[in-house]
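Structure record follows, encoded as structure tokens.
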Amino acid sequence: MTDASPLLTVGFVLLQRFTLLPFAAFVDCLRLAADEGDRSRQLRCHWTFMTGDGQPALSSCGAAVAPCQPFADPTRFDYLVVIGGVQDAQDHTDRVALDYIRRAAAASVPLVGVCTGVFALIQAGVMPGRRCCVSWYHHGDLTRRFPQVTPVADRLFVDDGDLITCAGGSAAADLAAYLVERHLGRAWAMKSLHIMLIDEGRRGEHPQPQPVVFERVADRALRRAIDIISQHLGESLSIDDLARRVGTSRRNIERKFRDELGVTPQRFMRNLRLRYGLWLLHYTPRTVTDIGEQCGFSDTAHFSRQFRETFGYSPSRARKTGHEQAVDPFFLHIGQPESAQRRHEPAAVLRLNAKIQNDATNK
């Protein structure tokens with residue numbers, strides 16, 4: 001095989017202040033699949049970095065990517081991958097890039113929006129009435145700016161054929177491996193992932209990990225336990241197993257939860273799963289049954305009963321009446337504490353619990 005006959009060609013549109021991790025994860029997956037060993041020749045895969053003027057692209061962390069070339073004929077590529085960047089008032093719309101995206105869409109070149117690259121696809125007008133995969137972190141920004149778009153924030157990427165959108169972050173490696181497998185075969189995709197120290201590529205429907213944030217949780221073992229719980233919300237995780245993964249004893253992990261958070265690990269897990277369920281009700285179209293299952297409850301009745309006991313209303317009512325003020329996608333944590341537990345709660349938990357009570361009163 002020669003450099004003139006790659007099986008997969010990708011053009012990267014690097015917008016100003018683009019996010020470096022999803023770009024690097026995507027292109028490195030291509031690089032490792034393109035050649036034998038780690039020699040980085042563009043044999044099986046070929047990629048091109050592009051900006052509107054052909055100048056180096058500056059990432060959000062300050063690192064620049066070069067060389068870049070001006071936007072080339074989009075029909076040269078199997079996919080045009082748009083890597084977005086920081087969204088703030090100082091960012092200006094790249095009209096040249098939007099025109100190029102429209103030209104690619106008109107030529108039926110499949111478009112891939114990664115991270116906030118999906119914002120550019122929306123601004124270019126190439127996805128009316130289409131689903132749009134977005135990170136939970138940018139979900140609020142997207143819905144406020146583009147209410148006509150249907151956001152999907154409960155999975156890693158969405159493949160709609162001519163339009164693929166990806167939440168970004170490390171999920172870009174999963175998407176790249178998915179495309180490598182499609183064009184080169186599974187062996188080449190697995191080769192890339194294994195060299196990147198990734199055991200297995202996650203499919204698009206794999207749920208995004210949701211954030212867990214606590215103020216003043218200084219204990220490293222407790223933070224590790226919280227991370228493990230948040231990554232296994234749909235699984236039955238015993239306290240013994242949790243303690244083993246953290247590297248401590250059951251008694252110690254129970255004491256840490258009680259002393260710092262005022263709850264048992266069991267209650268913490270249950271309430272976090274319910275918070276996740278509440279988030280899914282507000283931000284995804286999934287059925288109550290699907291959400292209950294994804295959150296690790298044995299059946300819909302069990303989920304609904306626990307949900308009502310915690311929030312004071314049913315899952316169906318939460319969706320119908322819009323209690324969105326009661327859940328913050330940036331801050332999933334334990335539910336409203338019992339009065340005996342209040343003195344143990346971090347300040348941020350108390351603030352949100354007071355907010356939930358006020359919102360419920362004002363409904």
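A note on labels: chains of the structure tokens are A, B, ... as shown, every chain counts residues from 1, and ligands are counted from 1 in their shown order.
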If we count only C-alpha atoms, what is near region 158-163 of chain A at a cut-off of 8 Å, once residues fewer than 6 positions away on the same chain are taken out, given as a short mmCIF file (atom, residue, chain, number, x, y, z; two decimals) with N, CA, C and O atoms, in the first residue's frame?
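Produced file selection.cif, reproduced below:
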```cif
data_model
loop_
_atom_site.label_atom_id
_atom_site.label_comp_id
_atom_site.auth_asym_id
_atom_site.auth_seq_id
_atom_site.Cartn_x
_atom_site.Cartn_y
_atom_site.Cartn_z
N SER A 108 -22.21 16.58 -0.04
CA SER A 108 -22.53 15.29 0.60
C SER A 108 -21.33 14.64 1.27
O SER A 108 -21.22 13.41 1.32
N VAL A 109 -20.41 15.47 1.77
CA VAL A 109 -19.29 14.95 2.56
C VAL A 109 -19.77 14.78 4.00
O VAL A 109 -20.28 15.72 4.59
N PRO A 110 -19.64 13.59 4.58
CA PRO A 110 -20.07 13.40 5.97
C PRO A 110 -19.34 14.35 6.92
O PRO A 110 -18.13 14.51 6.84
N LEU A 111 -20.12 14.98 7.80
CA LEU A 111 -19.57 15.95 8.74
C LEU A 111 -19.54 15.36 10.15
O LEU A 111 -20.46 14.65 10.55
N VAL A 112 -18.47 15.68 10.87
CA VAL A 112 -18.31 15.20 12.24
C VAL A 112 -18.08 16.42 13.13
O VAL A 112 -17.10 17.15 12.94
N GLY A 113 -18.98 16.66 14.08
CA GLY A 113 -18.80 17.74 15.04
C GLY A 113 -18.32 17.18 16.36
O GLY A 113 -18.99 16.34 16.96
N MET A 127 -27.84 21.17 10.17
CA MET A 127 -28.47 20.11 10.94
C MET A 127 -29.84 20.51 11.49
O MET A 127 -30.15 20.23 12.65
N ARG A 131 -30.65 15.34 15.55
CA ARG A 131 -30.12 15.16 16.90
C ARG A 131 -28.70 15.69 16.98
O ARG A 131 -27.97 15.69 15.99
N CYS A 132 -28.32 16.11 18.16
CA CYS A 132 -27.00 16.69 18.34
C CYS A 132 -26.42 16.19 19.65
O CYS A 132 -26.91 16.52 20.73
N CYS A 133 -25.38 15.37 19.58
CA CYS A 133 -24.73 14.88 20.78
C CYS A 133 -23.84 15.99 21.36
O CYS A 133 -23.06 16.61 20.65
N GLY A 204 -21.27 4.29 20.70
CA GLY A 204 -21.87 5.61 20.82
C GLY A 204 -22.91 5.71 21.91
O GLY A 204 -23.05 6.74 22.57
N GLU A 205 -23.66 4.62 22.13
CA GLU A 205 -24.73 4.66 23.12
C GLU A 205 -24.22 4.55 24.55
O GLU A 205 -25.01 4.64 25.51
#
```
**Asked** Residues at most 9 Å from Leu233 (chain A), counting only C-alpha atoms, excluding those fewer than 5 positions away in the same chain, as a PyMOL selection string?
**Response** chain A and resi 228+269-270+272-273+276+294-296
Prev. selection, all heavy atoms, output as a tab-separated table (two decimals), in the first residue's frame:
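Listing of selection38.tsv after writing:
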```tsv
chain	number	residue	atom	x	y	z
A	228	ILE	N	-15.64	6.19	41.86
A	228	ILE	CA	-16.02	4.83	41.49
A	228	ILE	C	-17.54	4.69	41.44
A	228	ILE	O	-18.11	4.13	40.50
A	228	ILE	CB	-15.42	3.81	42.48
A	228	ILE	CG1	-13.89	3.77	42.31
A	228	ILE	CG2	-16.00	2.42	42.25
A	228	ILE	CD1	-13.18	2.97	43.38
A	269	MET	N	-25.08	6.09	47.47
A	269	MET	CA	-25.24	5.46	46.15
A	269	MET	C	-26.66	5.58	45.65
A	269	MET	O	-26.90	5.93	44.49
A	269	MET	CB	-24.80	4.00	46.22
A	269	MET	CG	-23.31	3.78	46.22
A	269	MET	SD	-22.85	2.04	46.01
A	269	MET	CE	-22.39	1.63	47.66
A	270	ARG	N	-27.62	5.28	46.52
A	270	ARG	CA	-29.02	5.33	46.10
A	270	ARG	C	-29.41	6.74	45.69
A	270	ARG	O	-30.03	6.95	44.63
A	270	ARG	CB	-29.92	4.87	47.24
A	270	ARG	CG	-31.39	4.75	46.84
A	270	ARG	CD	-32.31	4.86	48.03
A	270	ARG	NE	-32.25	6.21	48.60
A	270	ARG	CZ	-33.02	6.61	49.61
A	270	ARG	NH1	-33.85	5.76	50.19
A	270	ARG	NH2	-32.93	7.84	50.07
A	272	LEU	N	-27.49	9.23	44.75
A	272	LEU	CA	-26.80	9.68	43.55
A	272	LEU	C	-27.44	9.08	42.30
A	272	LEU	O	-27.59	9.75	41.28
A	272	LEU	CB	-25.32	9.29	43.63
A	272	LEU	CG	-24.45	9.82	42.48
A	272	LEU	CD1	-24.51	11.33	42.42
A	272	LEU	CD2	-23.01	9.36	42.66
A	273	ARG	N	-27.83	7.82	42.38
A	273	ARG	CA	-28.52	7.19	41.25
A	273	ARG	C	-29.84	7.88	40.96
A	273	ARG	O	-30.24	8.07	39.80
A	273	ARG	CB	-28.74	5.71	41.54
A	273	ARG	CG	-27.46	4.88	41.44
A	273	ARG	CD	-27.53	3.61	42.25
A	273	ARG	NE	-28.66	2.78	41.91
A	273	ARG	CZ	-29.17	1.84	42.71
A	273	ARG	NH1	-28.64	1.65	43.91
A	273	ARG	NH2	-30.18	1.12	42.31
A	276	TYR	N	-29.11	11.15	39.26
A	276	TYR	CA	-28.82	10.86	37.86
A	276	TYR	C	-30.12	10.61	37.09
A	276	TYR	O	-30.29	11.11	35.96
A	276	TYR	CB	-27.89	9.66	37.78
A	276	TYR	CG	-27.43	9.29	36.39
A	276	TYR	CD1	-27.20	10.27	35.42
A	276	TYR	CD2	-27.19	7.96	36.04
A	276	TYR	CE1	-26.77	9.92	34.15
A	276	TYR	CE2	-26.76	7.61	34.78
A	276	TYR	CZ	-26.55	8.59	33.84
A	276	TYR	OH	-26.12	8.26	32.58
A	294	GLN	N	-31.29	2.08	33.69
A	294	GLN	CA	-29.95	2.63	33.54
A	294	GLN	C	-29.38	3.07	34.89
A	294	GLN	O	-28.16	3.04	35.10
A	294	GLN	CB	-29.96	3.82	32.58
A	294	GLN	CG	-28.57	4.39	32.34
A	294	GLN	CD	-28.54	5.43	31.24
A	294	GLN	OE1	-29.43	5.49	30.41
A	294	GLN	NE2	-27.52	6.26	31.24
A	295	CYS	N	-30.25	3.48	35.79
A	295	CYS	CA	-29.80	3.93	37.11
A	295	CYS	C	-29.67	2.79	38.11
A	295	CYS	O	-29.41	3.02	39.29
A	295	CYS	CB	-30.75	4.99	37.64
A	295	CYS	SG	-30.73	6.52	36.69
A	296	GLY	N	-29.87	1.54	37.66
A	296	GLY	CA	-29.59	0.40	38.49
A	296	GLY	C	-30.71	-0.08	39.37
A	296	GLY	O	-30.49	-0.87	40.29
```
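For Arg308 (chain A), the non-local neighbours within 12 Å, defined as residues at least 6 positions apart in the same chain or in other chains and counting only C-alpha atoms, are Asn271, Leu274, Arg275, Gly277, Leu278, Ala301, His302, Ser314, Pro315, Ser316, Arg317 and Ala318 of chain A.
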Sort by chain and increasing residue number a table of all residues of region 89-170 of chain A within 12 Å of region 67-76 of chain A, each with its closest pair of atoms and their distance in Å to one decimal, counting only C-alpha atoms, and write it as JSON lines.
```
{"residue": "A:Val96", "atom": "CA", "partner": "A:Phe71", "partner_atom": "CA", "distance": 9.1}
{"residue": "A:Ala97", "atom": "CA", "partner": "A:Phe71", "partner_atom": "CA", "distance": 8.2}
{"residue": "A:Leu98", "atom": "CA", "partner": "A:Phe71", "partner_atom": "CA", "distance": 11.3}
{"residue": "A:Asp99", "atom": "CA", "partner": "A:Phe71", "partner_atom": "CA", "distance": 10.4}
{"residue": "A:Tyr100", "atom": "CA", "partner": "A:Phe71", "partner_atom": "CA", "distance": 7.3}
{"residue": "A:Ile101", "atom": "CA", "partner": "A:Pro74", "partner_atom": "CA", "distance": 8.7}
{"residue": "A:Arg102", "atom": "CA", "partner": "A:Pro74", "partner_atom": "CA", "distance": 10.2}
{"residue": "A:Arg103", "atom": "CA", "partner": "A:Pro74", "partner_atom": "CA", "distance": 7.6}
{"residue": "A:Ala104", "atom": "CA", "partner": "A:Pro74", "partner_atom": "CA", "distance": 5.4}
{"residue": "A:Ala105", "atom": "CA", "partner": "A:Pro74", "partner_atom": "CA", "distance": 8.9}
{"residue": "A:Ala106", "atom": "CA", "partner": "A:Pro74", "partner_atom": "CA", "distance": 9.9}
{"residue": "A:Ala107", "atom": "CA", "partner": "A:Thr75", "partner_atom": "CA", "distance": 6.8}
{"residue": "A:Ser108", "atom": "CA", "partner": "A:Thr75", "partner_atom": "CA", "distance": 8.2}
{"residue": "A:Val109", "atom": "CA", "partner": "A:Thr75", "partner_atom": "CA", "distance": 6.3}
{"residue": "A:Pro110", "atom": "CA", "partner": "A:Pro74", "partner_atom": "CA", "distance": 9.6}
{"residue": "A:Leu111", "atom": "CA", "partner": "A:Pro74", "partner_atom": "CA", "distance": 10.1}
```
**Prompt:** Mind pulling up the distance from CA of Leu20 (chain A) to CA of Arg186 (chain A)?
**Reply:** 25.9 Å
**Prompt:** What lies within 8 Å of Thr264 (chain A) using only C-alpha atoms, ignoring chain neighbours under 6 positions off, as a list of chain:residue names?
**Reply:** A:Glu254, A:Phe257, A:Arg258
With C-alpha atoms kept, could you save the residues just selected as a PDB file, in the first residue's frame?
```pdb
ATOM      1  CA  GLU A 254     -18.338   3.521  56.064  1.00  0.00           C
ATOM      2  CA  PHE A 257     -18.887   8.584  54.468  1.00  0.00           C
ATOM      3  CA  ARG A 258     -20.522   9.030  57.860  1.00  0.00           C
TER       4      ARG A 258
END
```
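Distance check against His138 (chain A) using only C-alpha atoms: of A:Gln87, A:Ile122, A:Gly201, A:Pro265, the minimum falls on A:Gln87.
Taking CA of Pro56 (chain A) as the reference point, CA of Ala189 (chain A) is found at 28.9 Å.
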**Item:** Non-local contacts of Gly84 (chain A) (7 Å; only C-alpha atoms; under 2 positions in same chain excluded) as a ChimeraX atom specification
**Value:** /A:14-15,18-19,82,114-117
Store the residues picked out above, limited to N, CA and C atoms, as an mmCIF file, in the first residue's frame.
```cif
data_model
loop_
_atom_site.group_PDB
_atom_site.id
_atom_site.type_symbol
_atom_site.label_atom_id
_atom_site.label_comp_id
_atom_site.auth_asym_id
_atom_site.auth_seq_id
_atom_site.Cartn_x
_atom_site.Cartn_y
_atom_site.Cartn_z
ATOM 1 N N LEU A 14 -9.939 23.075 12.339
ATOM 2 C CA LEU A 14 -9.566 23.473 13.693
ATOM 3 C C LEU A 14 -10.004 24.916 13.927
ATOM 4 N N LEU A 15 -11.045 25.067 14.719
ATOM 5 C CA LEU A 15 -11.542 26.399 15.033
ATOM 6 C C LEU A 15 -10.653 27.042 16.094
ATOM 7 N N PHE A 18 -9.532 25.737 19.854
ATOM 8 C CA PHE A 18 -10.099 24.389 19.847
ATOM 9 C C PHE A 18 -9.586 23.594 21.041
ATOM 10 N N THR A 19 -10.344 22.592 21.444
ATOM 11 C CA THR A 19 -9.961 21.776 22.598
ATOM 12 C C THR A 19 -8.978 20.696 22.154
ATOM 13 N N VAL A 82 -14.895 18.676 12.525
ATOM 14 C CA VAL A 82 -14.832 20.042 13.039
ATOM 15 C C VAL A 82 -14.577 19.975 14.538
ATOM 16 N N VAL A 114 -17.160 17.619 16.807
ATOM 17 C CA VAL A 114 -16.561 17.101 18.039
ATOM 18 C C VAL A 114 -16.505 18.211 19.078
ATOM 19 N N CYS A 115 -16.916 17.884 20.301
ATOM 20 C CA CYS A 115 -16.980 18.851 21.386
ATOM 21 C C CYS A 115 -17.869 20.019 20.931
ATOM 22 N N THR A 116 -17.430 21.248 21.079
ATOM 23 C CA THR A 116 -18.266 22.374 20.640
ATOM 24 C C THR A 116 -18.209 22.587 19.136
ATOM 25 N N GLY A 117 -17.576 21.684 18.425
ATOM 26 C CA GLY A 117 -17.687 21.714 16.965
ATOM 27 C C GLY A 117 -19.122 21.567 16.516
#
```
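Going from CA of Ala225 (chain A) to CA of Gln208 (chain A) covers 18.5 Å.
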**Message:** Taking the DSSP secondary structure from the backbone, can you list the residues of region 123-260 of chain A that are helix (DSSP H, G or I), as a VMD selection string?
**Reply:** chain A and resid 123 to 124 136 to 145 171 to 184 186 to 195 220 to 230 239 to 246 250 to 260
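Residues in contact range of region 168-172 of chain A, defined as at most 6 Å between only C-alpha atoms, with sequence neighbours fewer than 5 positions away removed, read Leu21, Pro22, Ala25, Phe26, Val114, Cys115 and Leu156 of chain A.
Between Asp78 (chain A) and the candidates A:Arg144, A:Arg31, A:Arg182, A:Arg17, the tightest atom-to-atom separation, counting only C-alpha atoms, involves A:Arg182.
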**Item:** All strand (DSSP E or B) residues (DSSP, backbone) inside region 48-225 of chain A, as a PyMOL selection string
**Value:** chain A and resi 48-50+57-59+64-65+69+79-83+85+111-114+131-133+150-152+157-159+163-166+212
